[in-house]
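See structure below.
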Number of protein chains: 2
Amino acid sequence: MKDLNFIEGGVCSPKGFRCAAVGCGIKNPKVKRLDLALVYSKYPTVAAALFTQNAVRAACVDFSANNLEKAEPRAIIVNSGNANACTGPAGMRDVRKTAKLLAKELGILQREIQVCSTGIIGMELPMDRIEPNIPKLVKALNQESCDVAQAIMTSDTRPKEVAVEFEIGGKTVRIGACAKGAGMINPNMATMLCFVTTDANVSKAEIVAATKQAVEQSFNRITVDGDTSTNDAVIVMANRRAENKEISRRGEGSAEFRAALQEVMIRLAKKMVSDGERVTKLVDIRVRGAKTNKDAQLVARAVANSNLCKCSWNGEDPNWGRIIHAVGYAGAQVCEGAVDIYFDGLIAAKNGMTAKKTPLEKLIDVVKNDKFSIGIDLNLGAGEFNIWTADLSPEYVDFNRAEYAASKMKG
Amino acid sequence: MKDLNFIEGGVCSPKGFRCAAVGCGIKNPKVKRLDLALVYSKYPTVAAALFTQNAVRAACVDFSANNLEKAEPRAIIVNSGNANACTGPAGMRDVRKTAKLLAKELGILQREIQVCSTGIIGMELPMDRIEPNIPKLVKALNQESCDVAQAIMTSDTRPKEVAVEFEIGGKTVRIGACAKGAGMINPNMATMLCFVTTDANVSKAEIVAATKQAVEQSFNRITVDGDTSTNDAVIVMANRRAENKEISRRGEGSAEFRAALQEVMIRLAKKMVSDGERVTKLVDIRVRGAKTNKDAQLVARAVANSNLCKCSWNGEDPNWGRIIHAVGYAGAQVCEGAVDIYFDGLIAAKNGMTAKKTPLEKLIDVVKNDKFSIGIDLNLGAGEFNIWTADLSPEYVDFNRAEYAASKMKG
């Protein structure tokens with residue numbers, strides 16, 4: 001994108017934002033990795049958020065969604081290591097206690113607080129370890145953001161953050177963001193958290209619409225293992241400190257703002273897939289020629305979530321047979337004899353059969369790369385959809401074999 | 001089931017059926033494992049069949065479905081090692097050539113032949129190896145069935161066959177069957193073949209209805225990896241040689257016949273899941289208390305196909321958090337605070353929270369078993385569904401990493 005300048009930093013890069021992270025030993029009192037973080041705006045904001053569509057959702061999600069209907073947030077507090085999901089009334093009690101303490105320390109209202117959690121399901125939060133750390137967290141507020149990206153990691157192997165700078169009407173505007181998510185990544189924002197801050201001067205209507213659109217083009221187009229979670233949240237806060245003229249919905253500056261917000265989220269989305277649990281490949285599934293966009297989406301998701309396809313990518317095997325069989329069961333209108341399949345633009349199957357003009361060695365070279373695209377042309381219409389997915393490795397399974405009993409034993 | 005006598009044998013156990021199997025080296029000319037088989041009825045039959053619902057289906061499936069509309073089958077010819085799918089006009093040419101040769105050798109009509117294939121997608125059948133073996137196959141026809149069960153195996157580790165004997169109106173009736181299927185097992189009969197023979201004297205209407213009902217209760221309730229295939233077929237042939245009075249649709253003897261047919265298919269379905277690729281656990285997901293049966297099915301399938309749940313079973317981890325999160329995203333009406341989860345009848349979660357009365361050690365003991373059930377009670381209504389599934393192992397992924405390029409190189 002032109003004139004979009006990627007800069008060092010994250011959620012503290014826009015004017016007027018501060019953050020902090022501390023280690024409470026939430027998962028294990030003996031291990032003091034960073035696991036509690038705070039993002040704070042010194043100024044009032046307008047904000048938008050999207051939460052998990054899972055029917056089972058954590059208390060903090062209910063609390064935050066409800067708060068956002070009543071007030072614009074000034075702060076996000078987040079812990080990793082424990083999802084505080086499936087914890088019944090105790091779950092909501094602990095969320096309220098956290099917000100109450102934090103509101104007092106920051107001198108803001110409880111309704112101005114968003115609370116997020118990520119980690120294991122079904123265990124109560126260790127409030128005895130969290131409570132004494134809330135004042136420490138507020139005292140630690142500063143302008144370095146990397147610690148938040150670090151503190152929200154669970155099975156992530158690296159912190160994920162992005163910051164950009166661009167101009168609107170001659171004024172400099174910044175957007176900063178961090179995200180986590182490695183397992184259970186699926187469309188509709190599964191087990192992922194993303195916090196975005198901006199100093200753009202935008203209207204409430206514009207930030208809501210821009211957020212929805214950006215999520216649709218980014219986090220709703222990634223999948224790692226097809227599972228979705230109880231705790232997902234994307235929260236975007238704008239404190240309007242940049243000196244641009246207010247951007248109204250689809251008004252002047254909206255195109256630039258939306259393009260930048262979308263690019264930030266797409267970058268984070270791709271980082272999430274690449275950092276998926278024991279993932280070795282980022283695969284861009286591009287479906288075109290479907291009867292409808294919905295059909296294209298069905299086909300893209302079927303291929304992206306097929307274990308057999310994912311195993312073949314892990315094995316660097318350009319197995320288009322597994323791809324076409326997933327195309328076939330996707331539930332979309334498909335004419336087998338019209339299907340073309342490409343690996344990075346090289347044709348592997350033409351009219352539903354081996355495309356003899358591409359030597360197998362060339363296809364193998366493609367799937368040896370860390371990133372490649374799979375093009376699927378149904379040749380039936382103008383419907384299109386793309387999704388980013390990953391391979392499935394023996395190490396993924398091994399990594400996910402045991403967790404619950406082990407944690408219980410430790411906890 | 002009372003008075004259902006399981007006997008040694010398979011598709012040749014009922015009167016008047018013969019079979020044979022030979023090795024053609026279909027996958028690899030140097031390895032002469034059994035890979036071409038024939039099931040033959042000396043007498044006319046009435047038959048029913050169900051084929052894959054994948055939009056991409058092999059030429060043999062089209063051919064067999066079409067034949068069944070025109071005539072009752074006398075013979076099934078099947079090869080393993082090559083699915084003859086996505087092979088374009090050559091695929092149908094080879095199916096016709098096979099049927100023509102076989103019809104001549106057996107002295108029957110081409111339309112009386114069902115042709116099945118299972119194996120790798122996207123490669124033409126090696127007809128030069130198959131053709132000379134068809135006369136040999138016919139010469140080898142005999143009454144031992146085990147070889148067919150063996151010859152249709154692909155990644156299966158053991159042959160799967162069942163035979164039962166029971167009485168209808170004082171007359172002895174037999175049903176015999178064999179099946180294959182290990183990877184890509186999913187409802188709607190993914191990559192599975194099942195051939196059933198019976199000497200029962202049944203009407204066409206009854207065999208069609210009984211087959212549909214039995215498949216619904218068996219093969220449509222199993223899943224290994226959520227993928228579905230291009231080549232599935234269940235074919236049931238009755239040659240009416242038993243001396244029972246003809247069973248009309250839902251008429252006298254229908255209840256006994258259907259119960260026996262269903263039990264045969266359920267046994268084979270469970271064998272398939274247990275023999276799923278690198279599977280170590282057979283898990284019976286039993287959902288009840290859903291608002292509707294459809295909701296119960298959505299929940300059962302979401303849990304049965306969740307990679308994270310499947311990994312936890314492989315790790316012998318009684319992680320009910322992963323189960324409830326799959327319940328949540330299934331798309332069914334769910335009230336988190338009403339969900340109860342059981343492992344072999346022991347309560348693990350009550351009202352969406354840890355059920356403290358069951359010690360974790362007891363739950364761990366359950367998931368250490370080769371077979372266990374997971375009960376999910378949504379406590380919202382009377383909807384029910386059950387499905388058999390399996391764990392997901394690192395070895396499954398490793399096994400499925402590379403196939404296509406390797407075969408191409410070999411072939």
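Going by the structure tokens order, chains are called A, B, ..., each with residues numbered from 1, while ligands are numbered from 1 in the order shown.
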
**Prompt:** For chain B against chain A, which residues fall within 6 Å using only C-alpha atoms, given as a VMD selection string?
**Reply:** chain B and resid 54 to 56 86 to 87 121 to 122 311 to 312 314 to 315 317 319 321 328 to 329 336 352 to 353 394 397 to 398 400 to 402 404 to 405

Using only C-alpha atoms, which protein or nucleic acid residues come within 12 Å of Phe385 in chain A? Drop anything in the same chain fewer than 6 positions from it, and give the result as a short mmCIF file (atom, residue, chain, number, x, y, z; two decimals) with C-alpha atoms, in the first residue's frame.
data_model
loop_
_atom_site.label_atom_id
_atom_site.label_comp_id
_atom_site.auth_asym_id
_atom_site.auth_seq_id
_atom_site.Cartn_x
_atom_site.Cartn_y
_atom_site.Cartn_z
CA GLU A 216 -13.71 -9.67 7.68
CA GLN A 217 -10.68 -9.32 5.39
CA ASN A 220 -12.02 -14.17 9.43
CA ARG A 221 -9.86 -15.52 6.61
CA ILE A 222 -7.38 -17.58 8.56
CA ASP A 284 -2.80 -19.08 0.68
CA ILE A 285 -5.89 -20.81 -0.70
CA ARG A 286 -7.34 -18.76 -3.57
CA VAL A 287 -10.62 -19.94 -5.01
CA ARG A 288 -12.08 -18.34 -8.09
CA GLY A 289 -14.58 -19.18 -10.82
CA ALA A 290 -17.17 -20.37 -8.28
CA LYS A 291 -20.85 -19.94 -9.01
CA THR A 292 -21.11 -17.57 -6.02
CA ASN A 293 -18.80 -16.02 -3.43
CA LYS A 294 -20.43 -18.27 -0.86
CA ASP A 295 -19.55 -21.36 -2.88
CA ALA A 296 -15.99 -20.06 -3.18
CA GLN A 297 -15.85 -19.69 0.59
CA LEU A 298 -17.18 -23.23 1.15
CA VAL A 299 -14.50 -24.63 -1.13
CA ALA A 300 -11.70 -22.54 0.39
CA ARG A 301 -12.64 -23.55 3.94
CA ALA A 304 -8.01 -25.15 4.29
CA GLY A 375 -5.21 -21.60 -6.81
CA ILE A 376 -8.47 -23.42 -7.43
CA ASP A 377 -10.49 -22.34 -10.45
CA LEU A 378 -13.94 -23.94 -10.64
#

**Request:** Go through A:Arg74, A:Lys180, A:Lys371, A:Arg278 one by one, measure the shortest atom-to-atom distance of each to Val236 in chain A using only C-alpha atoms, and give the residue with the smallest value.
**Result:** A:Arg74

Residues at most 8 Å from range 135-137 of chain A, counting only C-alpha atoms, excluding those fewer than 4 positions away in the same chain, as a PDB file with C-alpha atoms, in the first residue's frame?
ATOM      1  CA  ALA A  20       2.594  -2.401  31.060  1.00  0.00           C
ATOM      2  CA  ALA A  21       3.062  -6.094  31.748  1.00  0.00           C
ATOM      3  CA  VAL A  22       3.963  -8.065  34.861  1.00  0.00           C
ATOM      4  CA  LEU A  36      -0.811  -9.875  33.028  1.00  0.00           C
ATOM      5  CA  ALA A  37      -0.858  -6.782  30.821  1.00  0.00           C
ATOM      6  CA  LEU A  38      -2.557  -3.418  30.529  1.00  0.00           C
ATOM      7  CA  LEU A 102      -8.132  -1.529  38.181  1.00  0.00           C
ATOM      8  CA  GLU A 105      -6.006   2.410  40.557  1.00  0.00           C
ATOM      9  CA  LEU A 141       2.609   1.997  32.713  1.00  0.00           C
TER      10      LEU A 141
END

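Rounded to one decimal, CA of Ser155 in chain A and CA of Val279 in chain A lie 11.8 Å from each other.
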
**Request:** Using CA of Cys24 in chain B and CA of Met127 in chain B as the two end points, give the distance in Å to one decimal.
**Result:** 9.8 Å
